[in-house]
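File shown here: coords18.txt, holding compact mmCIF, C-alpha atoms and all ligand atoms.
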# COMPACT_ATOMS: atom_id res chain seq x y z
CA MET P 1 -4.43 -3.25 35.78
CA ALA P 2 -7.80 -4.89 35.42
CA LEU P 3 -9.74 -3.66 32.42
CA SER P 4 -13.51 -3.77 32.60
CA ALA P 5 -14.13 -4.26 28.87
CA PRO P 6 -13.11 -7.53 27.19
CA THR P 7 -9.66 -6.97 25.77
CA ILE P 8 -8.30 -8.03 22.41
CA SER P 9 -4.66 -8.07 21.41
CA PHE P 10 -4.22 -7.43 17.68
CA VAL P 11 -1.28 -8.26 15.41
CA SER P 12 -1.42 -6.77 11.91
CA LEU P 13 1.07 -8.11 9.37
CA GLY P 14 1.44 -7.50 5.67
CA CYS P 15 0.78 -4.74 3.20
CA PRO P 16 -1.26 -1.52 3.49
CA LYS P 17 -4.26 -3.41 2.12
CA ALA P 18 -4.11 -5.80 5.07
CA LEU P 19 -3.74 -2.80 7.36
CA VAL P 20 -7.05 -1.45 6.08
CA ASP P 21 -8.67 -4.82 6.87
CA SER P 22 -7.24 -4.60 10.39
CA GLU P 23 -8.60 -1.09 10.82
CA ARG P 24 -12.08 -2.23 9.82
CA ILE P 25 -12.07 -5.16 12.24
CA ILE P 26 -10.75 -2.98 15.06
CA THR P 27 -13.29 -0.23 14.35
CA ARG P 28 -16.09 -2.77 14.55
CA LEU P 29 -14.78 -4.33 17.77
CA ARG P 30 -14.31 -0.95 19.42
CA ALA P 31 -17.87 -0.04 18.43
CA GLU P 32 -19.00 -3.14 20.27
CA GLY P 33 -17.19 -2.16 23.44
CA TYR P 34 -14.04 -4.26 23.17
CA ALA P 35 -10.80 -2.70 24.37
CA LEU P 36 -7.48 -3.15 22.59
CA THR P 37 -4.09 -3.90 23.96
CA ASN P 38 -0.72 -4.63 22.42
CA ARG P 39 0.13 -7.24 25.05
CA HIS P 40 -0.97 -10.81 24.47
CA GLU P 41 -0.57 -11.63 28.12
CA GLY P 42 -3.74 -10.81 30.04
CA ALA P 43 -5.81 -10.17 26.89
CA ASP P 44 -9.04 -12.14 26.46
CA CYS P 45 -7.97 -13.26 23.00
CA VAL P 46 -5.55 -12.45 20.18
CA ILE P 47 -6.33 -11.75 16.52
CA VAL P 48 -3.50 -12.27 14.04
CA ASN P 49 -4.04 -10.70 10.61
CA THR P 50 -1.61 -12.66 8.47
CA CYS P 51 0.21 -12.04 5.21
CA GLY P 52 0.65 -14.96 2.84
CA PHE P 53 2.31 -13.30 -0.12
CA ILE P 54 5.82 -14.71 -0.07
CA ASP P 55 7.44 -17.43 1.96
CA SER P 56 9.23 -15.05 4.33
CA ALA P 57 5.90 -13.28 5.06
CA LYS P 58 4.25 -16.64 5.71
CA ALA P 59 7.05 -17.59 8.08
CA GLU P 60 6.58 -14.29 9.95
CA SER P 61 2.83 -14.93 10.17
CA LEU P 62 3.33 -18.48 11.50
CA GLU P 63 5.78 -17.17 14.07
CA ALA P 64 3.26 -14.53 15.18
CA ILE P 65 0.57 -17.21 15.58
CA GLY P 66 2.97 -19.41 17.58
CA THR P 67 3.87 -16.51 19.89
CA ALA P 68 0.21 -15.62 20.41
CA LEU P 69 -0.63 -19.23 21.28
CA ALA P 70 2.26 -19.47 23.70
CA GLU P 71 1.56 -16.15 25.42
CA ASN P 72 -2.22 -16.22 25.39
CA GLY P 73 -3.70 -19.45 24.02
CA LYS P 74 -6.91 -18.01 22.50
CA VAL P 75 -6.01 -17.10 18.95
CA ILE P 76 -8.11 -16.10 15.93
CA VAL P 77 -6.37 -16.02 12.56
CA THR P 78 -7.46 -13.99 9.55
CA GLY P 79 -5.90 -12.42 6.44
CA CYS P 80 -4.23 -13.76 3.32
CA MET P 81 -2.82 -16.91 4.88
CA GLY P 82 -6.28 -17.78 6.12
CA ALA P 83 -7.27 -18.44 2.51
CA GLN P 84 -5.28 -21.68 2.86
CA PRO P 85 -6.48 -22.75 6.32
CA GLN P 86 -4.77 -26.13 6.30
CA SER P 87 -1.36 -24.41 6.17
CA ILE P 88 -2.19 -23.05 9.63
CA SER P 89 -4.36 -25.75 11.20
CA GLU P 90 -1.84 -28.52 10.45
CA ARG P 91 0.79 -26.69 12.44
CA PHE P 92 -1.48 -25.05 15.04
CA PRO P 93 -4.55 -27.24 15.60
CA ASP P 94 -5.50 -25.14 18.66
CA VAL P 95 -6.32 -21.87 16.91
CA LEU P 96 -9.97 -20.96 17.50
CA SER P 97 -10.87 -19.83 14.00
CA ILE P 98 -9.24 -19.25 10.61
CA THR P 99 -10.76 -16.94 8.02
CA GLY P 100 -9.45 -15.44 4.79
CA PRO P 101 -8.95 -11.78 3.85
CA GLN P 102 -11.88 -9.32 4.01
CA ALA P 103 -13.87 -11.75 6.16
CA TYR P 104 -14.65 -9.05 8.71
CA GLU P 105 -17.97 -10.57 9.75
CA SER P 106 -16.47 -14.00 10.38
CA VAL P 107 -13.66 -12.53 12.45
CA VAL P 108 -16.09 -10.57 14.57
CA GLU P 109 -18.31 -13.66 15.00
CA ALA P 110 -15.26 -15.66 16.09
CA VAL P 111 -14.46 -12.97 18.67
CA HIS P 112 -18.07 -13.08 19.92
CA ARG P 113 -17.77 -16.85 20.40
CA ALA P 114 -14.42 -16.59 22.18
CA VAL P 115 -15.20 -13.51 24.29
CA PRO P 116 -18.80 -12.25 24.28
CA PRO P 117 -19.12 -8.46 24.14
CA ALA P 118 -19.59 -6.79 27.51
CA HIS P 119 -22.55 -4.66 26.51
CA ASP P 120 -24.57 -3.46 23.57
CA PRO P 121 -22.84 -1.61 20.75
CA LYS P 122 -22.31 2.05 21.48
CA ILE P 123 -21.30 3.79 18.34
CA ASP P 124 -19.92 6.78 20.23
CA LEU P 125 -17.00 4.67 21.33
CA VAL P 126 -15.64 5.15 17.86
CA PRO P 127 -14.26 8.47 16.68
CA PRO P 128 -15.76 9.70 13.38
CA GLN P 129 -12.86 8.45 11.26
CA GLY P 130 -12.92 4.92 12.74
CA ILE P 131 -9.93 3.48 14.53
CA LYS P 132 -6.88 3.93 12.37
CA LEU P 133 -3.57 2.19 12.79
CA THR P 134 -1.95 4.81 10.58
CA PRO P 135 -1.28 8.26 12.08
CA ARG P 136 -4.30 10.51 12.10
CA HIS P 137 -3.19 12.90 9.36
CA TYR P 138 -2.99 10.29 6.61
CA ALA P 139 -5.23 7.36 5.83
CA TYR P 140 -5.35 4.51 3.37
CA LEU P 141 -8.50 4.40 1.29
CA LYS P 142 -9.18 0.99 -0.21
CA ILE P 143 -11.23 1.29 -3.40
CA SER P 144 -11.44 -2.35 -4.46
CA GLU P 145 -10.54 -5.88 -3.47
CA GLY P 146 -9.09 -8.67 -5.59
CA CYS P 147 -7.56 -8.66 -9.02
CA ASN P 148 -8.43 -9.90 -12.51
CA ASN P 149 -4.80 -10.15 -13.62
CA ARG P 150 -2.79 -13.33 -13.53
CA CYS P 151 0.81 -12.26 -12.95
CA SER P 152 2.70 -15.52 -12.86
CA PHE P 153 4.63 -14.75 -9.65
CA CYS P 154 1.56 -13.76 -7.66
CA ILE P 155 -1.15 -15.70 -5.82
CA ILE P 156 -3.18 -12.67 -4.72
CA PRO P 157 -6.01 -13.40 -7.18
CA GLN P 158 -6.22 -16.92 -5.68
CA LEU P 159 -6.21 -15.51 -2.16
CA ARG P 160 -8.40 -12.45 -2.67
CA GLY P 161 -10.50 -13.40 -5.67
CA ARG P 162 -11.47 -11.37 -8.72
CA LEU P 163 -11.77 -7.60 -8.74
CA VAL P 164 -14.65 -6.24 -6.66
CA SER P 165 -14.83 -2.43 -6.72
CA ARG P 166 -16.56 -0.52 -3.97
CA PRO P 167 -19.40 1.70 -5.19
CA LEU P 168 -18.06 5.17 -5.87
CA PRO P 169 -20.47 7.02 -3.51
CA GLU P 170 -19.45 4.65 -0.69
CA VAL P 171 -15.74 5.38 -1.27
CA MET P 172 -16.51 9.11 -1.37
CA ARG P 173 -18.49 8.99 1.87
CA GLU P 174 -15.58 7.25 3.62
CA ALA P 175 -13.13 9.79 2.17
CA GLU P 176 -15.32 12.69 3.30
CA ARG P 177 -15.55 11.26 6.82
CA LEU P 178 -11.77 10.89 6.95
CA VAL P 179 -11.15 14.44 5.78
CA ALA P 180 -13.78 15.79 8.18
CA ALA P 181 -11.96 13.95 11.00
CA GLY P 182 -8.68 15.69 10.19
CA VAL P 183 -7.02 13.45 7.59
CA LYS P 184 -4.80 15.57 5.34
CA GLU P 185 -3.63 12.92 2.92
CA LEU P 186 -5.63 10.08 1.34
CA LEU P 187 -3.63 7.14 0.02
CA VAL P 188 -5.71 5.32 -2.57
CA ILE P 189 -4.93 1.61 -2.58
CA SER P 190 -6.16 -1.56 -4.27
CA GLN P 191 -4.45 -4.40 -6.15
CA ASP P 192 -4.97 -2.63 -9.47
CA THR P 193 -6.16 0.96 -9.13
CA SER P 194 -6.43 1.56 -12.89
CA ALA P 195 -8.98 -1.26 -13.16
CA TYR P 196 -11.34 0.37 -10.65
CA GLY P 197 -14.97 0.02 -11.73
CA LEU P 198 -14.38 -2.56 -14.47
CA ASP P 199 -16.44 -5.17 -12.60
CA ARG P 200 -19.26 -2.63 -12.17
CA ARG P 201 -19.12 -1.93 -15.91
CA HIS P 202 -18.14 1.62 -15.00
CA GLU P 203 -21.74 2.23 -13.91
CA ARG P 204 -22.97 5.82 -13.85
CA THR P 205 -23.64 7.11 -10.40
CA SER P 206 -23.96 10.39 -8.65
CA TRP P 207 -22.24 11.99 -5.71
CA LYS P 208 -23.41 15.33 -4.33
CA GLY P 209 -25.42 16.04 -7.46
CA THR P 210 -22.53 15.36 -9.85
CA ASP P 211 -22.85 12.57 -12.41
CA LEU P 212 -19.84 10.30 -12.24
CA GLU P 213 -18.74 7.06 -13.83
CA THR P 214 -17.31 4.34 -11.64
CA ARG P 215 -13.76 4.65 -12.96
CA VAL P 216 -10.49 5.87 -11.57
CA LEU P 217 -10.53 9.17 -13.45
CA ASP P 218 -13.88 10.31 -12.05
CA LEU P 219 -13.00 8.98 -8.61
CA ALA P 220 -9.67 10.83 -8.59
CA ARG P 221 -11.38 14.06 -9.66
CA ALA P 222 -14.03 13.71 -6.92
CA LEU P 223 -11.42 12.88 -4.26
CA GLY P 224 -9.36 15.85 -5.41
CA SER P 225 -12.28 18.14 -4.62
CA LEU P 226 -12.17 17.27 -0.89
CA GLY P 227 -9.16 19.48 -0.16
CA SER P 228 -6.73 16.86 1.18
CA TRP P 229 -3.71 15.47 -0.63
CA VAL P 230 -4.69 12.48 -2.78
CA ARG P 231 -2.00 9.94 -3.67
CA LEU P 232 -2.60 7.07 -6.08
CA HIS P 233 -0.92 3.72 -5.53
CA TYR P 234 -0.71 0.56 -7.68
CA VAL P 235 -1.64 2.16 -10.98
CA TYR P 236 -1.01 0.00 -14.06
CA PRO P 237 -0.11 1.81 -17.26
CA TYR P 238 -3.30 1.10 -19.21
CA PRO P 239 -3.93 3.76 -21.90
CA HIS P 240 -6.64 5.53 -19.86
CA VAL P 241 -4.09 6.33 -17.16
CA ASP P 242 -2.85 9.18 -19.40
CA ALA P 243 -6.04 11.06 -18.53
CA LEU P 244 -5.01 11.20 -14.85
CA ILE P 245 -1.92 13.27 -15.56
CA PRO P 246 -3.77 16.55 -16.28
CA LEU P 247 -5.43 16.22 -12.83
CA MET P 248 -1.92 16.14 -11.36
CA ALA P 249 -0.87 19.15 -13.42
CA GLU P 250 -3.94 21.03 -12.14
CA GLY P 251 -3.00 20.18 -8.54
CA LEU P 252 -6.19 18.24 -7.95
CA ILE P 253 -4.30 15.08 -7.00
CA LEU P 254 -0.63 14.72 -6.07
CA PRO P 255 1.87 14.58 -8.94
CA TYR P 256 2.86 11.07 -7.91
CA LEU P 257 2.28 7.91 -9.83
CA ASP P 258 3.06 4.55 -8.26
CA ILE P 259 3.34 2.12 -11.18
CA PRO P 260 4.81 -1.31 -10.46
CA PHE P 261 6.68 -1.95 -13.74
CA GLN P 262 8.54 -5.01 -12.32
CA HIS P 263 10.86 -5.34 -15.34
CA ALA P 264 11.74 -3.82 -18.70
CA SER P 265 12.69 -6.84 -20.80
CA PRO P 266 9.67 -7.75 -22.96
CA LYS P 267 10.62 -11.41 -22.65
CA VAL P 268 10.66 -11.34 -18.84
CA LEU P 269 7.47 -9.25 -18.71
CA LYS P 270 5.79 -11.81 -20.92
CA SER P 271 6.80 -14.66 -18.59
CA MET P 272 5.59 -12.55 -15.68
CA ARG P 273 2.28 -12.04 -17.53
CA ARG P 274 2.18 -8.43 -16.47
CA PRO P 275 -0.86 -6.33 -17.36
CA ALA P 276 -0.25 -3.57 -19.93
CA ALA P 277 3.28 -4.94 -20.44
CA ARG P 278 3.29 -4.09 -24.12
CA GLU P 279 2.54 -0.41 -23.66
CA LYS P 280 5.47 1.69 -24.79
CA THR P 281 6.38 2.80 -21.32
CA LEU P 282 9.37 5.03 -22.08
CA GLN P 283 7.35 7.13 -24.53
CA ARG P 284 4.48 7.22 -22.07
CA ILE P 285 6.73 8.45 -19.27
CA GLU P 286 8.07 11.17 -21.55
CA LYS P 287 4.54 12.24 -22.41
CA TRP P 288 3.49 12.30 -18.74
CA ARG P 289 6.47 14.47 -17.87
CA ALA P 290 5.62 16.84 -20.69
CA LEU P 291 2.04 17.13 -19.38
CA CYS P 292 3.08 17.46 -15.73
CA PRO P 293 6.77 18.33 -15.30
CA GLU P 294 6.40 18.05 -11.54
CA ILE P 295 5.36 14.36 -11.63
CA ALA P 296 7.30 11.79 -9.57
CA ILE P 297 7.14 8.21 -10.79
CA ARG P 298 7.62 5.42 -8.29
CA SER P 299 7.98 1.80 -9.21
CA THR P 300 9.07 -1.60 -8.00
CA PHE P 301 11.10 -4.23 -9.83
CA ILE P 302 11.87 -7.91 -9.46
CA VAL P 303 15.29 -9.23 -10.40
CA GLY P 304 16.21 -12.90 -10.71
CA PHE P 305 12.87 -13.97 -12.16
CA PRO P 306 13.16 -17.49 -13.68
CA GLY P 307 14.69 -17.28 -17.14
CA GLU P 308 16.13 -13.76 -16.63
CA THR P 309 19.45 -13.70 -18.49
CA ASP P 310 22.36 -11.27 -18.20
CA ALA P 311 21.09 -9.64 -21.39
CA ASP P 312 17.60 -9.18 -19.88
CA PHE P 313 19.13 -7.63 -16.80
CA GLU P 314 21.31 -5.27 -18.87
CA GLU P 315 18.20 -4.28 -20.79
CA LEU P 316 16.55 -3.41 -17.49
CA LEU P 317 19.50 -1.24 -16.41
CA GLY P 318 19.50 0.53 -19.79
CA TRP P 319 15.79 1.17 -19.43
CA MET P 320 16.32 2.58 -15.92
CA SER P 321 18.96 4.97 -17.28
CA GLU P 322 16.47 6.30 -19.78
CA ALA P 323 13.37 6.28 -17.57
CA LYS P 324 15.12 8.08 -14.69
CA LEU P 325 12.40 7.14 -12.25
CA ASP P 326 12.12 9.13 -9.06
CA ARG P 327 11.43 6.43 -6.47
CA VAL P 328 12.34 2.78 -6.92
CA GLY P 329 12.14 -0.43 -4.91
CA CYS P 330 13.72 -3.73 -5.96
CA PHE P 331 13.08 -7.27 -4.79
CA ILE P 332 14.88 -10.50 -5.44
CA TYR P 333 12.47 -13.05 -6.92
CA GLU P 334 11.17 -15.50 -4.35
CA PRO P 335 9.07 -18.45 -5.52
CA VAL P 336 5.59 -18.39 -4.04
CA ASN P 337 3.83 -21.67 -3.37
CA GLY P 338 1.01 -22.12 -5.87
CA ALA P 339 2.22 -19.40 -8.29
CA ALA P 340 2.20 -20.17 -12.01
CA ALA P 341 5.83 -19.00 -12.34
CA ASN P 342 6.93 -22.28 -10.71
CA ASP P 343 5.52 -24.28 -13.61
CA LEU P 344 6.79 -22.21 -16.52
CA GLY P 345 9.68 -24.63 -17.03
CA LEU P 346 12.15 -21.71 -16.92
CA PRO P 347 15.59 -22.08 -15.33
CA MET P 348 15.92 -20.62 -11.83
CA VAL P 349 18.46 -17.83 -11.42
CA PRO P 350 21.03 -18.85 -8.77
CA GLN P 351 20.61 -16.89 -5.52
CA GLU P 352 24.08 -15.34 -5.66
CA VAL P 353 23.47 -14.11 -9.23
CA ALA P 354 20.10 -12.63 -8.24
CA LYS P 355 21.67 -10.97 -5.19
CA ALA P 356 24.48 -9.48 -7.30
CA ARG P 357 21.90 -8.15 -9.79
CA HIS P 358 19.87 -6.65 -6.97
CA ASP P 359 22.90 -4.84 -5.54
CA ARG P 360 23.95 -3.57 -8.96
CA PHE P 361 20.42 -2.42 -9.71
CA MET P 362 20.24 -0.49 -6.44
CA ARG P 363 23.62 1.19 -7.00
CA HIS P 364 22.56 2.09 -10.53
CA GLN P 365 19.31 3.64 -9.36
CA GLN P 366 20.90 5.38 -6.39
CA ALA P 367 23.07 7.43 -8.74
CA ILE P 368 19.96 8.43 -10.71
CA SER P 369 18.02 9.27 -7.52
CA LEU P 370 20.89 11.32 -6.12
CA GLU P 371 21.13 13.39 -9.29
CA LYS P 372 17.38 14.02 -9.23
CA GLN P 373 17.37 14.86 -5.53
CA ARG P 374 20.34 17.25 -5.88
CA ALA P 375 18.50 19.14 -8.60
CA LYS P 376 16.01 20.14 -5.88
CA ILE P 377 18.62 22.01 -3.82
CA GLY P 378 17.69 25.68 -3.73
CA THR P 379 14.09 25.08 -4.81
CA GLU P 380 11.00 25.42 -2.64
CA VAL P 381 8.89 22.34 -1.96
CA LEU P 382 5.67 21.67 -0.09
CA ALA P 383 5.98 19.20 2.77
CA ILE P 384 3.50 17.57 5.12
CA VAL P 385 4.65 17.23 8.74
CA ASP P 386 4.68 13.63 9.99
CA GLN P 387 6.50 14.10 13.26
CA VAL P 388 7.52 17.11 15.31
CA THR P 389 11.14 17.22 16.59
CA PRO P 390 12.94 19.65 18.96
CA LYS P 391 14.45 21.52 15.99
CA GLY P 392 11.52 21.36 13.61
CA ALA P 393 9.96 18.27 12.09
CA ILE P 394 10.26 15.24 9.85
CA GLY P 395 7.99 15.51 6.86
CA ARG P 396 7.42 14.29 3.35
CA THR P 397 7.20 16.15 0.07
CA LYS P 398 4.47 15.49 -2.48
CA HIS P 399 6.91 13.01 -4.02
CA ASP P 400 7.15 10.79 -0.95
CA ALA P 401 4.54 8.32 0.22
CA PRO P 402 4.63 7.32 3.89
CA GLU P 403 6.53 4.16 4.82
CA ILE P 404 7.97 3.50 1.35
CA ASP P 405 9.67 6.71 0.18
CA GLY P 406 12.09 9.24 1.68
CA THR P 407 11.59 12.08 4.14
CA ILE P 408 12.52 15.73 4.47
CA THR P 409 14.06 16.94 7.71
CA LEU P 410 12.62 20.38 8.37
CA SER P 411 14.33 23.13 10.37
CA SER P 412 11.90 25.74 11.52
CA GLN P 413 11.89 28.93 13.58
CA LYS P 414 8.21 28.54 14.40
CA PRO P 415 6.58 25.50 16.01
CA LEU P 416 5.10 23.01 13.57
CA ALA P 417 2.12 20.67 13.96
CA VAL P 418 1.62 17.14 12.68
CA GLY P 419 -0.41 17.21 9.46
CA GLU P 420 0.52 20.81 8.67
CA VAL P 421 1.63 21.50 5.11
CA VAL P 422 4.57 23.91 4.93
CA THR P 423 6.82 25.38 2.25
CA ALA P 424 10.49 24.61 2.69
CA LYS P 425 13.64 25.60 0.85
CA VAL P 426 15.79 22.53 0.12
CA LYS P 427 19.31 22.90 1.50
CA ARG P 428 20.80 19.41 1.25
CA ALA P 429 19.96 16.21 -0.60
CA GLN P 430 20.78 12.53 -0.29
CA ALA P 431 19.66 9.70 -2.57
CA TYR P 432 16.37 9.33 -0.69
CA ASP P 433 16.07 12.11 1.88
CA LEU P 434 16.17 15.90 1.83
CA HIS P 435 16.88 18.60 4.36
CA GLY P 436 15.04 21.93 4.15
CA VAL P 437 14.32 25.11 6.02
CA VAL P 438 10.72 26.18 6.47
CA VAL P 439 10.17 29.58 4.81
S1 LIG A 1 -1.75 -7.11 -10.69
FE1 LIG A 1 -0.52 -8.97 -10.73
S2 LIG A 1 0.87 -8.72 -8.96
FE2 LIG A 1 -0.82 -7.29 -8.66
S3 LIG A 1 -2.29 -8.46 -7.43
FE3 LIG A 1 -2.90 -8.68 -9.55
S4 LIG A 1 -1.94 -10.62 -10.16
FE4 LIG A 1 -0.91 -9.93 -8.30

Would you mind writing the structure in this file as structure tokens?
Ligand code: SF4
Amino acid sequence: MALSAPTISFVSLGCPKALVDSERIITRLRAEGYALTNRHEGADCVIVNTCGFIDSAKAESLEAIGTALAENGKVIVTGCMGAQPQSISERFPDVLSITGPQAYESVVEAVHRAVPPAHDPKIDLVPPQGIKLTPRHYAYLKISEGCNNRCSFCIIPQLRGRLVSRPLPEVMREAERLVAAGVKELLVISQDTSAYGLDRRHERTSWKGTDLETRVLDLARALGSLGSWVRLHYVYPYPHVDALIPLMAEGLILPYLDIPFQHASPKVLKSMRRPAAREKTLQRIEKWRALCPEIAIRSTFIVGFPGETDADFEELLGWMSEAKLDRVGCFIYEPVNGAAANDLGLPMVPQEVAKARHDRFMRHQQAISLEKQRAKIGTEVLAIVDQVTPKGAIGRTKHDAPEIDGTITLSSQKPLAVGEVVTAKVKRAQAYDLHGVVV
């Protein structure tokens, strides 16, 4: 079928932060009259938003560029891998343009050069919430770019630069627009959410007549006033994070804290150069649970980091037994080109040892998760509907973020709608997922 508007095929790889970049580029292109397709063939050009975090992500990005070149030929590359353009241009000299992350303007300019817009911008081509790649009832809200930390396994600060926080009123205006357009759950993302506003020296500002400081506490409180669910991701356990917990207890924001602890051995954390690594996390977790018994703590861990010994790993498992976290992800360490961890002079952990540790870690945590999930049987939980099914719906409780956590299968007598929040009685539980009946 011939399409009258110039057509762009878009490939979005990587993390939720990259997804937000994709949404912004797409929103802008749609506003200018470009149409989108998911087929490279027949499109006027292809944009590939790459991820350059670990080697497997880079390989996936390079493969996507290769496919786009083979199937279309006119390819624009952006995203994290674009921060090291030679890694792309050496292999694919024919790509039209390579830009780094957040370079929306340059991407749009490259599209203009490759395929001029058909007509003047018409803003009414764009729905009020912008074009979102995530389903309409939840949206990622990016509050800052970059990171001031220097975790030794990570090259994000090299790729994305130092922390740049968005002004608080700007974030609030975007959040308001999203909620007005029907978004029921805001997922706050950044590289380091706790550090929000540091670069702006926590400047005082005002939103709707309320004086606010540019810091995560005031932002969370303001977001909580909009009436949608508000979920915080990538929160580091700096001392001021304690002040967020009462907002969860009040129900202003979701009782869900995504804190990437990465390890528990002080020695490994020191080699990882993790921010706030010396905070007494077990005592903090206990305190948070006392303040907000409903809180769910999610975290990710890396096993097989250079220099990790059996004793370090056992320490991690012991810590997990005490912390009893609610949601946990675990990765096997993968060296990243350009990361400081490669030059620490620490012995690499053999792959088979790292794999065995990963499997043991997951089994260990699964038992903890199952026990916690089973304790919910017979209780009533709130769930947001993600997808309607013939017998009810698939949803998520307040303790489950989309894409990374579990789901609740909902049986219901009455028809349910996507984005609806319902109360369900939990009937069955597995390590990650629940089954409930809508009451
Ligand atoms: S906090 Fe550490 S892991 Fe996260 S982006 Fe910053 S440097 Fe990377």

Each residue of chain P lying at most 12 Å from ligand LIG 1 (chain A) should get a row with its shortest atom-to-atom pair and the distance in Å to one decimal, counting all atoms listed in the file; could you produce that, ordered by chain and increasing number, as a tab-separated table?
residue	atom	partner	partner_atom	distance
P:Cys15	CA	A:LIG1	S3	11.7
P:Lys17	CA	A:LIG1	S3	11.0
P:Phe53	CA	A:LIG1	FE4	9.4
P:Ile54	CA	A:LIG1	FE4	11.7
P:Ser144	CA	A:LIG1	S3	11.4
P:Glu145	CA	A:LIG1	S3	9.5
P:Gly146	CA	A:LIG1	S3	7.0
P:Cys147	CA	A:LIG1	FE3	4.7
P:Asn148	CA	A:LIG1	FE3	6.4
P:Asn149	CA	A:LIG1	S4	4.5
P:Arg150	CA	A:LIG1	S4	4.4
P:Cys151	CA	A:LIG1	FE1	4.2
P:Ser152	CA	A:LIG1	S4	7.3
P:Phe153	CA	A:LIG1	S2	7.1
P:Cys154	CA	A:LIG1	FE4	4.6
P:Ile155	CA	A:LIG1	FE4	6.3
P:Ile156	CA	A:LIG1	FE4	5.0
P:Pro157	CA	A:LIG1	S4	5.8
P:Gln158	CA	A:LIG1	S4	8.8
P:Leu159	CA	A:LIG1	S3	9.6
P:Arg160	CA	A:LIG1	S3	8.7
P:Gly161	CA	A:LIG1	S3	9.7
P:Arg162	CA	A:LIG1	FE3	9.0
P:Leu163	CA	A:LIG1	FE3	9.0
P:Ile189	CA	A:LIG1	S3	11.5
P:Ser190	CA	A:LIG1	S3	8.5
P:Gln191	CA	A:LIG1	S3	4.8
P:Asp192	CA	A:LIG1	S1	5.7
P:Thr193	CA	A:LIG1	S1	9.3
P:Ser194	CA	A:LIG1	S1	10.1
P:Ala195	CA	A:LIG1	S1	9.6
P:His233	CA	A:LIG1	FE2	11.4
P:Tyr234	CA	A:LIG1	FE2	7.9
P:Val235	CA	A:LIG1	S1	9.3
P:Tyr236	CA	A:LIG1	S1	7.9
P:Pro237	CA	A:LIG1	S1	11.2
P:Tyr238	CA	A:LIG1	S1	11.9
P:Ile259	CA	A:LIG1	S1	10.6
P:Pro260	CA	A:LIG1	FE2	8.4
P:Phe261	CA	A:LIG1	S2	10.1
P:Gln262	CA	A:LIG1	S2	9.2
P:Leu269	CA	A:LIG1	FE1	11.3
P:Met272	CA	A:LIG1	FE1	8.6
P:Arg273	CA	A:LIG1	FE1	8.0
P:Arg274	CA	A:LIG1	FE1	6.4
P:Pro275	CA	A:LIG1	S1	6.8
P:Ala276	CA	A:LIG1	S1	10.0
P:Ala277	CA	A:LIG1	FE1	11.2
P:Thr300	CA	A:LIG1	S2	10.9
P:Phe301	CA	A:LIG1	S2	11.2
P:Ile302	CA	A:LIG1	S2	11.0
P:Val336	CA	A:LIG1	FE4	11.5
P:Ala339	CA	A:LIG1	S4	9.9
P:Ala340	CA	A:LIG1	S4	10.6
P:Ala341	CA	A:LIG1	S4	11.6

Query raised in the report: Which polymer residues have any atom within 10 Å of an atom of Ala43 in chain P, counting all atoms listed in the file, with same-chain residues fewer than 3 positions away left out, as a PyMOL selection string?
Result: chain P and resi 3+6-10+35-40+46+71-74

Query raised in the report: CA of Asp55 in chain P to CA of Val303 in chain P: how many Å, to one decimal?
Result: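 So the answer is 16.8 Å.
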
Query raised in the report: Do you know which residues are at most 12 Å from Val95 in chain P counting all atoms listed in the file, after dropping those on the same chain fewer than 3 positions away, and could you put them as a PyMOL selection string?
Result: chain P and resi 45-48+62+65-70+72-78+82+85-86+88-92+98-99+110+114

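Interatomic distance, CA of Pro101 in chain P against CA of Ser299 in chain P: 25.3 Å.
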
**Report entry** Spatial neighbours of Cys80 in chain P, max dist 7 Å, all atoms listed in the file, sep filter under 3 positions, as a ChimeraX atom specification
**Finding:** /P:50-52,83,100-101,159

Report task. Measure the distance from CA of Glu334 in chain P to CA of Gly406 in chain P in Å and round it to one decimal. Result ->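 Atom-to-atom, CA of Glu334 in chain P and CA of Gly406 in chain P are spaced 25.5 Å apart.
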
Query raised in the report: Nearest to Ala401 in chain P among P:Pro116, P:Pro16, P:Pro335, P:Gly304, with distances taken over all atoms listed in the file: which residue is it?
Result: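 For Ala401 in chain P, the nearest of the candidates is P:Pro16.
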
Taking all atoms of range 152-155 of chain P that the file lists, what box with edges along x, y and z, padded by 3 Å per side, do you get, with centre and edge lengths in Å to one decimal, as JSON?
{"center_x": 1.7, "center_y": -14.7, "center_z": -9.3, "size_x": 11.8, "size_y": 7.9, "size_z": 13.0}

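For Ile297 in chain P, the residues within 8 Å (counting only C-alpha atoms, excluding itself and residues fewer than 2 positions away along the chain) are Tyr256, Leu257, Asp258, Ile259, Ile295, Ser299, Leu325, Asp326 and Arg327 of chain P.
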
**Report entry** Nearest candidate to Phe313 in chain P (options P:Ala367, P:Ala264, P:Ala59, P:Ile332; using only C-alpha atoms)
**Finding:**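 Answer, going by the shortest atom-to-atom distance: P:Ala264.
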
Query - Top pick for closest residue to Met172 in chain P, considering P:Arg200, P:Lys142, P:Lys267, P:Lys184 and counting all atoms listed in the file - result: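 Checking each of P:Arg200, P:Lys142, P:Lys267, P:Lys184 against Met172 in chain P, counting all atoms listed in the file, the winner is P:Lys142.
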
Query - Within 8 Å of Ala220 in chain P using all atoms listed in the file, minus same-chain residues under 5 positions, as a VMD selection string - result: chain P and resid 230 244 253

Query - Among listed residues P:Val421, P:Leu219, P:Val188, P:Val111, nearest Trp207 in chain P (using only C-alpha atoms) - result: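 Result for the nearest residue to Trp207 in chain P: P:Leu219.
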